[in-house]
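Report on one structure; see the data block that follows.
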Amino acid sequence: ETGVTQTPRHLVMGMTNKKSLKCEQHLGHNAMYWYKQSAKKPLELMFVYSLEERVENNSVPSRFSPECPNSSHLFLHLHTLQPEDSALYLCASSPTGNYGYTFGSGTRLTVV
Amino acid sequence: AQSVAQPEDQVNVAEGNPLTVKCTYSVSGNPYLFWYVQYPNRGLQFLLKYITGDNLVKGSYGFEAEFNKSQTSFHLKKPSALVSDSALYFCAVRDTNYGQNFVFGPGTRLSVLP
């Protein structure tokens with residue numbers, strides 16, 4: 001375990017469903033990130049939270065809605081997704097400085 | 001803006017042979033460079049980083065990387081490959097002149113053949 005825990009590990013949802021992905025870290029990091037990893041595409045940075053404030057939103061469709069209630073928890077709320085949203089969603093956290101990211105194991109999302 | 005290139009989608013090497021996974025970058029300031037590895041259905045795991053200091057950086061599992069400023073490269077190397085090294089490898093860079101976030105390369109799949 002890396003210290004960053006993502007749940008669920010796998011999720012299958014219909015296009016009309018509403019679901020949430022959860023990320024939790026107890027490493028004392030103060031920044032958290034959502035990445036999307038699709039087959040044969042580079043990692044896409046979706047959202048960045050620093051000290052619980054969203055500091056970056058890379059033109060992500062509104063059907064993805066992040067929430068960071070405290071420095072240890074990060075959610076990604078999903079609604080009315082499309083099949084092309086099927087991917088591995090990775091959460092990461094980092095301290096300030098140049099220490100790099102610690103990643104969770106990801107949630108494999110399939111939209112049917 | 002910062003960018004990272006990994007020119008090889010796939011690298012194949014025989015077990016016991018040396019391996020190299022290439023990475024080149026572009027930044028306007030000084031680079032912070034990282035290598036990560038990803039095993040199937042897992043997140044990315046940190047291997048090593050270059051921030052400053054010696055150009056040759058040693059990391060986890062016997063991997064090392066050499067920072068070459070003139071060639072803007074940060075190639076990952078290992079003297080003797082293991083079958084268990086087979087995975088997806090990502091190079092990442094942060095430009096000190098451009099925010100706090102890292103940019104990841106597209107990844108290189110390494111296959112070590114027994």
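Please note that chains go A, B, ... in the order of the structure tokens, that every chain numbers its residues from 1, and that ligands are numbered from 1 in the order shown.
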
Pull out every residue of chain B sitting within 7 Å of chain A, counting only C-alpha atoms, and send them as a PDB file with N, CA, C and O atoms, in the first residue's frame.
```pdb
ATOM      1  N   ARG B  42      -2.633  -1.154 -11.468  1.00  0.00           N
ATOM      2  CA  ARG B  42      -2.152  -0.476 -10.279  1.00  0.00           C
ATOM      3  C   ARG B  42      -1.868   0.990 -10.595  1.00  0.00           C
ATOM      4  O   ARG B  42      -1.800   1.397 -11.740  1.00  0.00           O
ATOM      5  N   GLY B  43      -1.699   1.768  -9.532  1.00  0.00           N
ATOM      6  CA  GLY B  43      -1.292   3.151  -9.714  1.00  0.00           C
ATOM      7  C   GLY B  43       0.184   3.240 -10.024  1.00  0.00           C
ATOM      8  O   GLY B  43       0.890   2.242 -10.121  1.00  0.00           O
ATOM      9  N   LEU B  44       0.662   4.467 -10.190  1.00  0.00           N
ATOM     10  CA  LEU B  44       2.069   4.692 -10.487  1.00  0.00           C
ATOM     11  C   LEU B  44       2.885   4.658  -9.203  1.00  0.00           C
ATOM     12  O   LEU B  44       2.481   5.207  -8.182  1.00  0.00           O
ATOM     13  N   GLN B  45       4.044   4.041  -9.293  1.00  0.00           N
ATOM     14  CA  GLN B  45       4.951   3.969  -8.139  1.00  0.00           C
ATOM     15  C   GLN B  45       6.220   4.754  -8.446  1.00  0.00           C
ATOM     16  O   GLN B  45       6.784   4.634  -9.522  1.00  0.00           O
ATOM     17  N   PHE B 104       3.407  14.465 -17.412  1.00  0.00           N
ATOM     18  CA  PHE B 104       3.853  13.090 -17.610  1.00  0.00           C
ATOM     19  C   PHE B 104       4.044  12.806 -19.093  1.00  0.00           C
ATOM     20  O   PHE B 104       3.300  13.296 -19.942  1.00  0.00           O
ATOM     21  N   GLY B 105       5.035  11.983 -19.396  1.00  0.00           N
ATOM     22  CA  GLY B 105       5.194  11.474 -20.741  1.00  0.00           C
ATOM     23  C   GLY B 105       4.136  10.425 -21.045  1.00  0.00           C
ATOM     24  O   GLY B 105       3.380  10.015 -20.159  1.00  0.00           O
ATOM     25  N   PRO B 106       4.068   9.971 -22.282  1.00  0.00           N
ATOM     26  CA  PRO B 106       3.023   9.024 -22.690  1.00  0.00           C
ATOM     27  C   PRO B 106       3.255   7.609 -22.192  1.00  0.00           C
ATOM     28  O   PRO B 106       2.360   6.770 -22.290  1.00  0.00           O
TER      29      PRO B 106
END
```

From the DSSP assignment of the backbone, select every residue of chain B that is strand (DSSP E), and format the answer as a ChimeraX atom specification. /B:3-5,10-14,19-21,24-26,31-38,44-50,56-58,64-68,73-78,87-95,103-104,108-113

Quick one: of A:Gln25, A:Asn30, A:Ser94, A:Thr80, who's nearest to A:Gly3, counting only C-alpha atoms?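 Ranked by minimum distance to A:Gly3, first place goes to A:Gln25.
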
What is the atom CA of A:Glu52-atom CA of B:Gln38 distance in Å, reported with one decimal? 27.4 Å

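Across the structure, atom CA of B:Gly59 and atom CA of B:Val13 are spaced 20.1 Å apart.
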
At a cut-off of 10 Å, using only C-alpha atoms, what residues contact B:Asn55? Leave out same-chain residues fewer than 2 positions from it and give the result as a PyMOL selection string. chain B and resi 50-53+57-58+65-69+74

Selection from above, all heavy atoms, as a JSON list (two decimals), in the first residue's frame, can you write it?
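Final output, saved to result.json:
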```json
[["chain", "number", "residue", "atom", "x", "y", "z"],
["B", 50, "TYR", "N", 15.33, 13.50, -9.95],
["B", 50, "TYR", "CA", 16.46, 14.42, -10.00],
["B", 50, "TYR", "C", 15.91, 15.81, -9.69],
["B", 50, "TYR", "O", 14.99, 16.29, -10.36],
["B", 50, "TYR", "CB", 17.12, 14.44, -11.39],
["B", 50, "TYR", "CG", 18.14, 15.54, -11.51],
["B", 50, "TYR", "CD1", 19.43, 15.38, -11.03],
["B", 50, "TYR", "CD2", 17.79, 16.78, -12.04],
["B", 50, "TYR", "CE1", 20.35, 16.41, -11.09],
["B", 50, "TYR", "CE2", 18.69, 17.82, -12.10],
["B", 50, "TYR", "CZ", 19.97, 17.62, -11.63],
["B", 50, "TYR", "OH", 20.88, 18.65, -11.68],
["B", 51, "ILE", "N", 16.52, 16.44, -8.68],
["B", 51, "ILE", "CA", 16.16, 17.81, -8.34],
["B", 51, "ILE", "C", 17.39, 18.70, -8.58],
["B", 51, "ILE", "O", 17.33, 19.71, -9.26],
["B", 51, "ILE", "CB", 15.69, 17.95, -6.89],
["B", 51, "ILE", "CG1", 14.49, 17.00, -6.64],
["B", 51, "ILE", "CG2", 15.33, 19.38, -6.55],
["B", 51, "ILE", "CD1", 13.28, 17.30, -7.46],
["B", 52, "THR", "N", 18.50, 18.30, -7.99],
["B", 52, "THR", "CA", 19.75, 19.02, -8.14],
["B", 52, "THR", "C", 20.87, 18.08, -7.71],
["B", 52, "THR", "O", 20.61, 16.99, -7.21],
["B", 52, "THR", "CB", 19.75, 20.30, -7.29],
["B", 52, "THR", "OG1", 20.92, 21.07, -7.56],
["B", 52, "THR", "CG2", 19.72, 19.97, -5.80],
["B", 53, "GLY", "N", 22.12, 18.48, -7.95],
["B", 53, "GLY", "CA", 23.22, 17.66, -7.47],
["B", 53, "GLY", "C", 23.77, 16.75, -8.55],
["B", 53, "GLY", "O", 23.79, 17.09, -9.74],
["B", 57, "VAL", "N", 21.46, 9.54, -10.83],
["B", 57, "VAL", "CA", 20.56, 9.35, -9.70],
["B", 57, "VAL", "C", 20.25, 7.86, -9.57],
["B", 57, "VAL", "O", 19.91, 7.21, -10.56],
["B", 57, "VAL", "CB", 19.25, 10.12, -9.92],
["B", 57, "VAL", "CG1", 18.29, 9.89, -8.77],
["B", 57, "VAL", "CG2", 19.52, 11.60, -10.09],
["B", 58, "LYS", "N", 20.34, 7.34, -8.37],
["B", 58, "LYS", "CA", 20.01, 5.92, -8.13],
["B", 58, "LYS", "C", 18.66, 5.84, -7.43],
["B", 58, "LYS", "O", 18.35, 6.66, -6.56],
["B", 58, "LYS", "CB", 21.09, 5.26, -7.30],
["B", 58, "LYS", "CG", 22.43, 5.17, -8.05],
["B", 58, "LYS", "CD", 23.45, 4.37, -7.29],
["B", 58, "LYS", "CE", 24.79, 4.36, -8.02],
["B", 58, "LYS", "NZ", 24.70, 3.69, -9.34],
["B", 65, "ALA", "N", 19.15, 6.77, -13.29],
["B", 65, "ALA", "CA", 18.89, 7.65, -14.42],
["B", 65, "ALA", "C", 19.95, 8.73, -14.45],
["B", 65, "ALA", "O", 20.45, 9.15, -13.41],
["B", 65, "ALA", "CB", 17.49, 8.26, -14.33],
["B", 66, "GLU", "N", 20.26, 9.17, -15.66],
["B", 66, "GLU", "CA", 21.28, 10.18, -15.82],
["B", 66, "GLU", "C", 20.68, 11.45, -16.40],
["B", 66, "GLU", "O", 20.07, 11.44, -17.48],
["B", 66, "GLU", "CB", 22.40, 9.70, -16.72],
["B", 66, "GLU", "CG", 23.57, 10.67, -16.80],
["B", 66, "GLU", "CD", 24.81, 10.07, -17.40],
["B", 66, "GLU", "OE1", 24.73, 8.97, -17.97],
["B", 66, "GLU", "OE2", 25.87, 10.71, -17.30],
["B", 67, "PHE", "N", 20.84, 12.53, -15.67],
["B", 67, "PHE", "CA", 20.39, 13.84, -16.12],
["B", 67, "PHE", "C", 21.45, 14.42, -17.04],
["B", 67, "PHE", "O", 22.61, 14.55, -16.66],
["B", 67, "PHE", "CB", 20.16, 14.75, -14.92],
["B", 67, "PHE", "CG", 19.91, 16.19, -15.27],
["B", 67, "PHE", "CD1", 18.81, 16.54, -16.03],
["B", 67, "PHE", "CD2", 20.76, 17.19, -14.82],
["B", 67, "PHE", "CE1", 18.57, 17.87, -16.34],
["B", 67, "PHE", "CE2", 20.53, 18.52, -15.14],
["B", 67, "PHE", "CZ", 19.43, 18.85, -15.89],
["B", 68, "ASN", "N", 21.04, 14.77, -18.26],
["B", 68, "ASN", "CA", 21.95, 15.37, -19.22],
["B", 68, "ASN", "C", 21.34, 16.69, -19.67],
["B", 68, "ASN", "O", 20.41, 16.71, -20.49],
["B", 68, "ASN", "CB", 22.17, 14.44, -20.41],
["B", 68, "ASN", "CG", 23.24, 14.94, -21.35],
["B", 68, "ASN", "OD1", 23.31, 16.13, -21.65],
["B", 68, "ASN", "ND2", 24.10, 14.04, -21.81],
["B", 69, "LYS", "N", 21.88, 17.79, -19.14],
["B", 69, "LYS", "CA", 21.27, 19.09, -19.40],
["B", 69, "LYS", "C", 21.43, 19.51, -20.85],
["B", 69, "LYS", "O", 20.50, 20.06, -21.45],
["B", 69, "LYS", "CB", 21.89, 20.15, -18.48],
["B", 69, "LYS", "CG", 21.20, 21.49, -18.53],
["B", 69, "LYS", "CD", 21.73, 22.43, -17.49],
["B", 69, "LYS", "CE", 20.97, 23.76, -17.53],
["B", 69, "LYS", "NZ", 21.46, 24.70, -16.48],
["B", 74, "PHE", "N", 16.77, 12.46, -19.70],
["B", 74, "PHE", "CA", 16.78, 11.83, -18.37],
["B", 74, "PHE", "C", 16.44, 10.36, -18.57],
["B", 74, "PHE", "O", 15.38, 9.88, -18.19],
["B", 74, "PHE", "CB", 15.78, 12.54, -17.45],
["B", 74, "PHE", "CG", 15.86, 12.14, -15.99],
["B", 74, "PHE", "CD1", 17.04, 12.28, -15.28],
["B", 74, "PHE", "CD2", 14.74, 11.65, -15.34],
["B", 74, "PHE", "CE1", 17.11, 11.93, -13.94],
["B", 74, "PHE", "CE2", 14.79, 11.30, -13.99],
["B", 74, "PHE", "CZ", 15.99, 11.44, -13.29]]
```

Which residues are near A:Asn70? Cut-off 10 Å, only C-alpha atoms, ignore same chain within fewer than 3 positions. Put them as a ChimeraX atom specification. /A:24,30,51-53,67,73-74

Using all heavy atoms, can you write the selected residues to a file as a PDB file, in the first residue's frame?
```pdb
ATOM      1  N   GLU A  24      -8.409   8.689  -0.239  1.00  0.00           N
ATOM      2  CA  GLU A  24      -8.071   9.023   1.138  1.00  0.00           C
ATOM      3  C   GLU A  24      -6.562   8.884   1.338  1.00  0.00           C
ATOM      4  O   GLU A  24      -5.962   7.901   0.897  1.00  0.00           O
ATOM      5  CB  GLU A  24      -8.828   8.076   2.077  1.00  0.00           C
ATOM      6  CG  GLU A  24      -8.681   8.353   3.535  1.00  0.00           C
ATOM      7  CD  GLU A  24      -9.614   7.488   4.376  1.00  0.00           C
ATOM      8  OE1 GLU A  24     -10.435   6.743   3.804  1.00  0.00           O
ATOM      9  OE2 GLU A  24      -9.512   7.553   5.611  1.00  0.00           O
ATOM     10  N   ASN A  30      -0.654  17.996   1.510  1.00  0.00           N
ATOM     11  CA  ASN A  30      -1.644  19.067   1.446  1.00  0.00           C
ATOM     12  C   ASN A  30      -2.111  19.373   0.031  1.00  0.00           C
ATOM     13  O   ASN A  30      -2.797  20.369  -0.196  1.00  0.00           O
ATOM     14  CB  ASN A  30      -1.109  20.340   2.116  1.00  0.00           C
ATOM     15  CG  ASN A  30       0.262  20.708   1.603  1.00  0.00           C
ATOM     16  OD1 ASN A  30       0.614  20.391   0.476  1.00  0.00           O
ATOM     17  ND2 ASN A  30       1.035  21.385   2.439  1.00  0.00           N
ATOM     18  N   LEU A  51      -4.435  22.604  -0.269  1.00  0.00           N
ATOM     19  CA  LEU A  51      -5.012  23.100   0.986  1.00  0.00           C
ATOM     20  C   LEU A  51      -6.523  23.211   0.863  1.00  0.00           C
ATOM     21  O   LEU A  51      -7.117  24.207   1.273  1.00  0.00           O
ATOM     22  CB  LEU A  51      -4.384  24.451   1.360  1.00  0.00           C
ATOM     23  CG  LEU A  51      -2.866  24.393   1.610  1.00  0.00           C
ATOM     24  CD1 LEU A  51      -2.304  25.797   1.800  1.00  0.00           C
ATOM     25  CD2 LEU A  51      -2.574  23.531   2.832  1.00  0.00           C
ATOM     26  N   GLU A  52      -7.121  22.175   0.278  1.00  0.00           N
ATOM     27  CA  GLU A  52      -8.576  22.021   0.151  1.00  0.00           C
ATOM     28  C   GLU A  52      -9.214  23.019  -0.812  1.00  0.00           C
ATOM     29  O   GLU A  52     -10.442  23.060  -0.937  1.00  0.00           O
ATOM     30  CB  GLU A  52      -9.242  22.115   1.528  1.00  0.00           C
ATOM     31  CG  GLU A  52      -8.730  21.050   2.490  1.00  0.00           C
ATOM     32  CD  GLU A  52      -8.945  21.434   3.946  1.00  0.00           C
ATOM     33  OE1 GLU A  52     -10.016  21.977   4.247  1.00  0.00           O
ATOM     34  OE2 GLU A  52      -8.042  21.203   4.766  1.00  0.00           O
ATOM     35  N   GLU A  53      -8.415  23.784  -1.512  1.00  0.00           N
ATOM     36  CA  GLU A  53      -8.967  24.725  -2.484  1.00  0.00           C
ATOM     37  C   GLU A  53      -8.618  24.240  -3.890  1.00  0.00           C
ATOM     38  O   GLU A  53      -7.477  23.890  -4.173  1.00  0.00           O
ATOM     39  CB  GLU A  53      -8.375  26.116  -2.253  1.00  0.00           C
ATOM     40  CG  GLU A  53      -8.885  27.176  -3.221  1.00  0.00           C
ATOM     41  CD  GLU A  53      -8.268  28.530  -2.936  1.00  0.00           C
ATOM     42  OE1 GLU A  53      -7.768  28.734  -1.817  1.00  0.00           O
ATOM     43  OE2 GLU A  53      -8.261  29.373  -3.843  1.00  0.00           O
ATOM     44  N   GLU A  67     -14.753  17.072  -5.133  1.00  0.00           N
ATOM     45  CA  GLU A  67     -15.026  17.626  -3.806  1.00  0.00           C
ATOM     46  C   GLU A  67     -13.873  17.285  -2.887  1.00  0.00           C
ATOM     47  O   GLU A  67     -13.409  16.141  -2.872  1.00  0.00           O
ATOM     48  CB  GLU A  67     -16.333  17.053  -3.239  1.00  0.00           C
ATOM     49  CG  GLU A  67     -16.668  17.566  -1.847  1.00  0.00           C
ATOM     50  CD  GLU A  67     -17.828  16.819  -1.220  1.00  0.00           C
ATOM     51  OE1 GLU A  67     -18.337  15.856  -1.833  1.00  0.00           O
ATOM     52  OE2 GLU A  67     -18.200  17.176  -0.085  1.00  0.00           O
ATOM     53  N   HIS A  73      -9.152  13.827   2.275  1.00  0.00           N
ATOM     54  CA  HIS A  73     -10.158  13.160   1.460  1.00  0.00           C
ATOM     55  C   HIS A  73     -10.450  13.930   0.183  1.00  0.00           C
ATOM     56  O   HIS A  73     -10.533  15.168   0.188  1.00  0.00           O
ATOM     57  CB  HIS A  73     -11.468  12.982   2.251  1.00  0.00           C
ATOM     58  CG  HIS A  73     -11.339  12.057   3.409  1.00  0.00           C
ATOM     59  ND1 HIS A  73     -10.929  12.495   4.657  1.00  0.00           N
ATOM     60  CD2 HIS A  73     -11.537  10.720   3.510  1.00  0.00           C
ATOM     61  CE1 HIS A  73     -10.896  11.453   5.489  1.00  0.00           C
ATOM     62  NE2 HIS A  73     -11.247  10.375   4.816  1.00  0.00           N
ATOM     63  N   LEU A  74     -10.637  13.159  -0.879  1.00  0.00           N
ATOM     64  CA  LEU A  74     -10.962  13.744  -2.175  1.00  0.00           C
ATOM     65  C   LEU A  74     -11.980  12.840  -2.838  1.00  0.00           C
ATOM     66  O   LEU A  74     -11.828  11.613  -2.826  1.00  0.00           O
ATOM     67  CB  LEU A  74      -9.703  13.840  -3.049  1.00  0.00           C
ATOM     68  CG  LEU A  74      -9.840  14.495  -4.411  1.00  0.00           C
ATOM     69  CD1 LEU A  74     -10.181  15.984  -4.255  1.00  0.00           C
ATOM     70  CD2 LEU A  74      -8.546  14.338  -5.214  1.00  0.00           C
TER      71      LEU A  74
END
```

So that I can see what lies close to B:Ala5, please list as JSON, numbers by chain the residues with an atom at most 12 Å from it, counting only C-alpha atoms and leaving out residues fewer than 3 positions away in the same chain. {"A": [42], "B": [2, 8, 9, 21, 22, 23, 24, 25, 26, 27, 72, 73, 74, 75, 90, 91, 92, 93, 103, 104, 105, 106, 107, 108]}

Can you tell me how far atom CA of A:Val12 sits from atom CA of A:Leu76, in Å to one decimal? 15.0 Å

Pick the closest to B:Leu88 from A:Met15, A:Ala87, A:Val55, A:Ala39: which is it, counting only C-alpha atoms?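 Distance minimum relative to B:Leu88 lands on A:Ala39.
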
Do a neighbour search on B:Ser84 at 12 Å with only C-alpha atoms, toss out local chain neighbours closer than 5 positions, and write the hits as a VMD selection string. chain B and resid 14 to 16 37 to 40 61 110 to 114

Tell me which protein, DNA and RNA residues are within 7 Å of A:Leu21, counting only C-alpha atoms, leaving out same-chain ones fewer than 5 positions away, and put them as a count of residues only. 5

Given the choices B:Asn101, B:Ser60, B:Ser70, B:Thr96, which gets closest to B:Trp35 if the distance is worked out from only C-alpha atoms?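 Closest residue, counting only C-alpha atoms: B:Ser60.
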
For each of A:Ala31, A:Met46, A:Asn58, A:Ser38, take the minimum atom-to-atom distance to A:Ser72, counting only C-alpha atoms, then give the residue where this is smallest.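 Closest residue, counting only C-alpha atoms: A:Ala31.
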